[in-house]
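Worksheet: the structure to be examined is printed underneath.
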Amino acid sequence: MYGKFILAMLILAVTLPASAQVVPSAHEGQVPLVIGIGYSNFYTDWNGRLSGATLWADWNFNKGPSYLKGFGIEVEARDLNYFRSSSTPKNLRQDTLEAGVIYTWRHYRNIHPYGKFIAGLGSIDFQRMSPTYSHDTRTVWAPGGGVEYRAWHNVWVRGDYEYQFWTHFFNYHALNPNGVTIGASYDFGHIHTH
């Protein structure tokens with residue numbers, strides 16, 4: 001069910017910005033897409049901290065109607081499995097795949113603050129709670145935000161904070177991992193001038 005929902009959101013994101021226009025003396029790139037990779041460090045809300053890699057892709061609606069400017073869809077995948085703190089169990093691992101809405105404030109040329117709300121699936125491996133229970137998968141909701149800084153032409157550096165809600169974990173409360181991601185992205189929709 002969640003896979004179909006995410007697929008429908010991606011198809012909608014691809015079809016909405018399709019429109020004909022005359023190219024002015026300055027034009028945007030052909031694809032309003034940003035692809036990035038980063039290093040994440042999260043407090044696990046289990047016992048200690050984990051680090052790992054994060055990949056993200058943003059599809060921006062800047063070529064659509066004016067009321068959509070600044071809005072986009074973000075898809076994010078994170079694997080937290082490395083650089084454990086001393087108190088973190090050796091087999092603890094948290095993976096997430098999420099998608100949702102991002103709003104980027106583009107008032108300044110080289111610095112863009114943003115906020116996002118994404119949701120998806122989270123997978124966790126942990127110390128065995130019973131002979132057959134050492135893995136679980138849950139729905140994850142995550143508000144977050146950060147800032148992007150243009151480092152060079154189409155390359156942006158990003159600092160991101162995210163607070164996750166893993167719903168009904170162990171049937172009595174939410175698990176709330178949270179942390180930061182530092183990374184870089186390439187903007188395929190960068191404005192070029194003639």
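Naming works like this for the structure tokens: A, B, ... for the chains as they're shown, residue 1 at the start of each chain, ligands 1 onward in shown order.
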
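All residues within segment 13-192 of chain A that the backbone DSSP calculation assigns to helix (DSSP H, G or I) are Ala13, Val14, Thr15, Ser66, Tyr67 and Leu68 of chain A.
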
Give one line per residue of segment 73-138 of chain A that approaches segment 33-39 of chain A to at most 10 Å, naming the two atoms of the closest pair and their distance in Å to one decimal, counting only C-alpha atoms; sort by chain then ascending residue number and deliver it as CSV.
```
residue,atom,partner,partner_atom,distance
A:Ile73,CA,A:Leu33,CA,9.8
A:Glu74,CA,A:Val34,CA,9.2
A:Val75,CA,A:Ile35,CA,9.7
A:Glu76,CA,A:Gly36,CA,9.4
A:Ala77,CA,A:Ile37,CA,9.7
A:Arg78,CA,A:Gly38,CA,9.3
A:Asp79,CA,A:Tyr39,CA,9.8
A:Leu80,CA,A:Tyr39,CA,9.6
```

Export C-alpha atoms of the chosen residues as a tab-separated table (two decimals), in the first residue's frame?
```tsv
chain	number	residue	atom	x	y	z
A	73	ILE	CA	8.72	16.38	-3.52
A	74	GLU	CA	11.63	14.81	-1.68
A	75	VAL	CA	12.51	11.11	-1.67
A	76	GLU	CA	15.09	10.07	0.93
A	77	ALA	CA	16.83	6.79	1.83
A	78	ARG	CA	19.02	6.39	4.92
A	79	ASP	CA	21.15	3.48	6.23
A	80	LEU	CA	22.31	3.93	9.84
```

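Closest to Phe61 of chain A among A:Phe188, A:Trp166, A:Tyr43, A:Tyr103 is A:Tyr103, based on only C-alpha atoms.
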
Residue neighbourhood Asn41 of chain A, 10 Å, only C-alpha atoms, exclusion window fewer than 2 positions, as JSON, numbers by chain: {"A": [39, 43, 44, 49, 50, 51, 52, 53, 54, 80, 82, 83, 84, 161, 178, 179, 180, 181, 182]}

Nearest to Trp46 of chain A by atom-to-atom distance, counting only C-alpha atoms, from A:Val31, A:Leu92, A:Ile111, A:Val140: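 Of A:Val31, A:Leu92, A:Ile111, A:Val140, the one nearest Trp46 of chain A, counting only C-alpha atoms, is A:Leu92.
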
To one decimal place in Å, what is the distance between atom CA of Trp56 of chain A and atom CA of Arg158 of chain A? 11.1 Å

Could you give me, as a PDB file with N, CA and C atoms, in the first residue's frame, the residues within 10 Å of Ile102 of chain A, counting only C-alpha atoms and dropping anything in the same chain fewer than 6 positions from it?
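Writing the result to out-v2.pdb gives the following:
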```pdb
ATOM      1  N   ASP A  58      15.171  15.565  -4.951  1.00  0.00           N
ATOM      2  CA  ASP A  58      14.086  16.544  -4.877  1.00  0.00           C
ATOM      3  C   ASP A  58      13.622  16.881  -6.280  1.00  0.00           C
ATOM      4  N   TRP A  59      12.320  16.850  -6.488  1.00  0.00           N
ATOM      5  CA  TRP A  59      11.704  17.299  -7.743  1.00  0.00           C
ATOM      6  C   TRP A  59      10.971  18.594  -7.417  1.00  0.00           C
ATOM      7  N   ASN A  60      11.421  19.711  -8.026  1.00  0.00           N
ATOM      8  CA  ASN A  60      10.882  21.031  -7.713  1.00  0.00           C
ATOM      9  C   ASN A  60       9.809  21.441  -8.710  1.00  0.00           C
ATOM     10  N   GLY A  70       8.666  27.058  -4.978  1.00  0.00           N
ATOM     11  CA  GLY A  70       9.256  26.735  -3.690  1.00  0.00           C
ATOM     12  C   GLY A  70       8.899  25.337  -3.209  1.00  0.00           C
ATOM     13  N   PHE A  71       7.780  24.784  -3.691  1.00  0.00           N
ATOM     14  CA  PHE A  71       7.366  23.446  -3.271  1.00  0.00           C
ATOM     15  C   PHE A  71       8.030  22.370  -4.136  1.00  0.00           C
ATOM     16  N   GLY A  72       8.173  21.199  -3.561  1.00  0.00           N
ATOM     17  CA  GLY A  72       8.719  20.073  -4.284  1.00  0.00           C
ATOM     18  C   GLY A  72       8.405  18.784  -3.555  1.00  0.00           C
ATOM     19  N   ILE A  73       8.856  17.700  -4.132  1.00  0.00           N
ATOM     20  CA  ILE A  73       8.716  16.382  -3.521  1.00  0.00           C
ATOM     21  C   ILE A  73      10.121  15.858  -3.257  1.00  0.00           C
ATOM     22  N   GLU A  74      10.333  15.376  -2.032  1.00  0.00           N
ATOM     23  CA  GLU A  74      11.629  14.805  -1.675  1.00  0.00           C
ATOM     24  C   GLU A  74      11.469  13.318  -1.420  1.00  0.00           C
ATOM     25  N   VAL A  75      12.405  12.538  -1.941  1.00  0.00           N
ATOM     26  CA  VAL A  75      12.512  11.107  -1.667  1.00  0.00           C
ATOM     27  C   VAL A  75      13.866  10.923  -0.986  1.00  0.00           C
ATOM     28  N   TYR A 114      14.977  25.571   4.183  1.00  0.00           N
ATOM     29  CA  TYR A 114      13.859  24.733   3.753  1.00  0.00           C
ATOM     30  C   TYR A 114      13.257  23.992   4.944  1.00  0.00           C
ATOM     31  N   GLY A 115      12.018  23.566   4.765  1.00  0.00           N
ATOM     32  CA  GLY A 115      11.325  22.708   5.709  1.00  0.00           C
ATOM     33  C   GLY A 115      10.711  21.552   4.944  1.00  0.00           C
ATOM     34  N   LYS A 116      10.537  20.421   5.608  1.00  0.00           N
ATOM     35  CA  LYS A 116       9.998  19.252   4.909  1.00  0.00           C
ATOM     36  C   LYS A 116       9.152  18.423   5.867  1.00  0.00           C
ATOM     37  N   PHE A 117       8.256  17.650   5.289  1.00  0.00           N
ATOM     38  CA  PHE A 117       7.505  16.643   6.037  1.00  0.00           C
ATOM     39  C   PHE A 117       7.430  15.412   5.151  1.00  0.00           C
ATOM     40  N   ILE A 118       8.092  14.338   5.593  1.00  0.00           N
ATOM     41  CA  ILE A 118       8.168  13.122   4.797  1.00  0.00           C
ATOM     42  C   ILE A 118       7.648  11.939   5.619  1.00  0.00           C
ATOM     43  N   PRO A 143       9.115  15.231  10.371  1.00  0.00           N
ATOM     44  CA  PRO A 143       9.317  16.636  10.025  1.00  0.00           C
ATOM     45  C   PRO A 143      10.816  16.937  10.090  1.00  0.00           C
ATOM     46  N   GLY A 144      11.220  17.937   9.348  1.00  0.00           N
ATOM     47  CA  GLY A 144      12.635  18.311   9.371  1.00  0.00           C
ATOM     48  C   GLY A 144      12.850  19.633   8.667  1.00  0.00           C
ATOM     49  N   GLY A 145      14.087  20.020   8.591  1.00  0.00           N
ATOM     50  CA  GLY A 145      14.428  21.268   7.926  1.00  0.00           C
ATOM     51  C   GLY A 145      15.926  21.479   7.929  1.00  0.00           C
TER      52      GLY A 145
END
```

Considering only C-alpha atoms, state which residue in the set A:His153, A:Pro131, A:Ala142, A:Ser87 is at the smallest distance from Val101 of chain A.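 Nearest to Val101 of chain A: A:Ala142.
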
Tell me, as a list in words, which residues lie within 9 Å of Val155 of chain A, counting only C-alpha atoms; anything in the same chain fewer than 3 positions away does not count.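 Listed by chain and then number, they are Tyr149, Arg150, Ala151, Trp152, Ala184, Ser185, Tyr186 and Asp187 of chain A.
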
Residue subset to file, keeping N, CA and C atoms, as a short mmCIF file (atom, residue, chain, number, x, y, z; two decimals), in the first residue's frame:
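Contents of part-v8.cif, as written:
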```
data_model
loop_
_atom_site.label_atom_id
_atom_site.label_comp_id
_atom_site.auth_asym_id
_atom_site.auth_seq_id
_atom_site.Cartn_x
_atom_site.Cartn_y
_atom_site.Cartn_z
N TYR A 149 23.51 25.73 0.88
CA TYR A 149 24.40 26.83 0.49
C TYR A 149 25.07 26.46 -0.83
N ARG A 150 25.01 27.40 -1.80
CA ARG A 150 25.64 27.13 -3.10
C ARG A 150 27.16 27.19 -2.93
N ALA A 151 27.81 26.04 -3.12
CA ALA A 151 29.26 25.96 -2.99
C ALA A 151 29.96 26.34 -4.30
N TRP A 152 29.37 25.90 -5.43
CA TRP A 152 29.98 26.17 -6.72
C TRP A 152 28.99 25.81 -7.82
N ALA A 184 26.15 16.98 0.15
CA ALA A 184 26.24 17.82 -1.05
C ALA A 184 25.27 17.30 -2.09
N SER A 185 24.77 18.23 -2.91
CA SER A 185 23.82 17.84 -3.96
C SER A 185 24.17 18.56 -5.26
N TYR A 186 23.64 18.01 -6.34
CA TYR A 186 23.80 18.62 -7.67
C TYR A 186 22.42 18.99 -8.17
N ASP A 187 22.26 20.27 -8.57
CA ASP A 187 20.99 20.80 -9.03
C ASP A 187 20.95 20.82 -10.55
#
```

Could you please determine the separation between atom CA of Phe165 of chain A and atom CA of Arg93 of chain A in Å, to one decimal place?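 Here the two named atoms are 16.1 Å from each other.
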
Would you please work out which residue, of A:His112, A:Arg106, A:His173, A:Lys69, is nearest to Asp45 of chain A when using only C-alpha atoms? A:His173

Check the smallest atom-to-atom distance from each of A:Lys63, A:Ser86, A:Asn81, A:Phe42 to Asn176 of chain A using only C-alpha atoms, then report the winner.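 Of all the options, A:Phe42 lies closest to Asn176 of chain A.
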
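Compared by their closest atoms to Ser40 of chain A, and using only C-alpha atoms, the residues A:Ser66, A:Thr104, A:Thr139, A:Gln94 rank with A:Gln94 nearest.
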
For a test of reading the model, state the distance in Å between atom CA of Lys90 of chain A and atom CA of Tyr133 of chain A, rounded to one decimal. 16.1 Å
